[in-house]
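Each remark here refers to the structure printed beneath this line.
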Amino acid sequence: MRKSTVQKGKGTVKEAAGKATGDARLESEGKADQMAAEARAAIERVHESARKARDDMK
């Protein structure tokens, strides 16, 4: 499982918990975790593309 997927899941849980308890800080942390996960996923896609291009050149 990708780290970005795990991080996004944690963010979703934090956001939901923040909404349920009325904790704006926890909700914000959850949203931030989800945004960070999206950035990490983009980096992972670029890394995979570069690895595939390198392997195709061999």
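Residue numbers start at 1 in each chain; chains themselves are named A, B, ... in the order of the structure tokens; ligands are numbered from 1 in the order shown.
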
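Near range 8-23 of chain A, within 9 Å and counting only C-alpha atoms, sit Lys3, Ser28, Glu29, Gly30, Lys31, Ala32, Asp33, Gln34, Met35, Ala36, Ala37 and Glu38 of chain A, not including residues fewer than 5 positions from it in the same chain.
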
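If you look at CA of Glu48 in chain A and CA of Arg2 in chain A, they are 12.1 Å away from each other.
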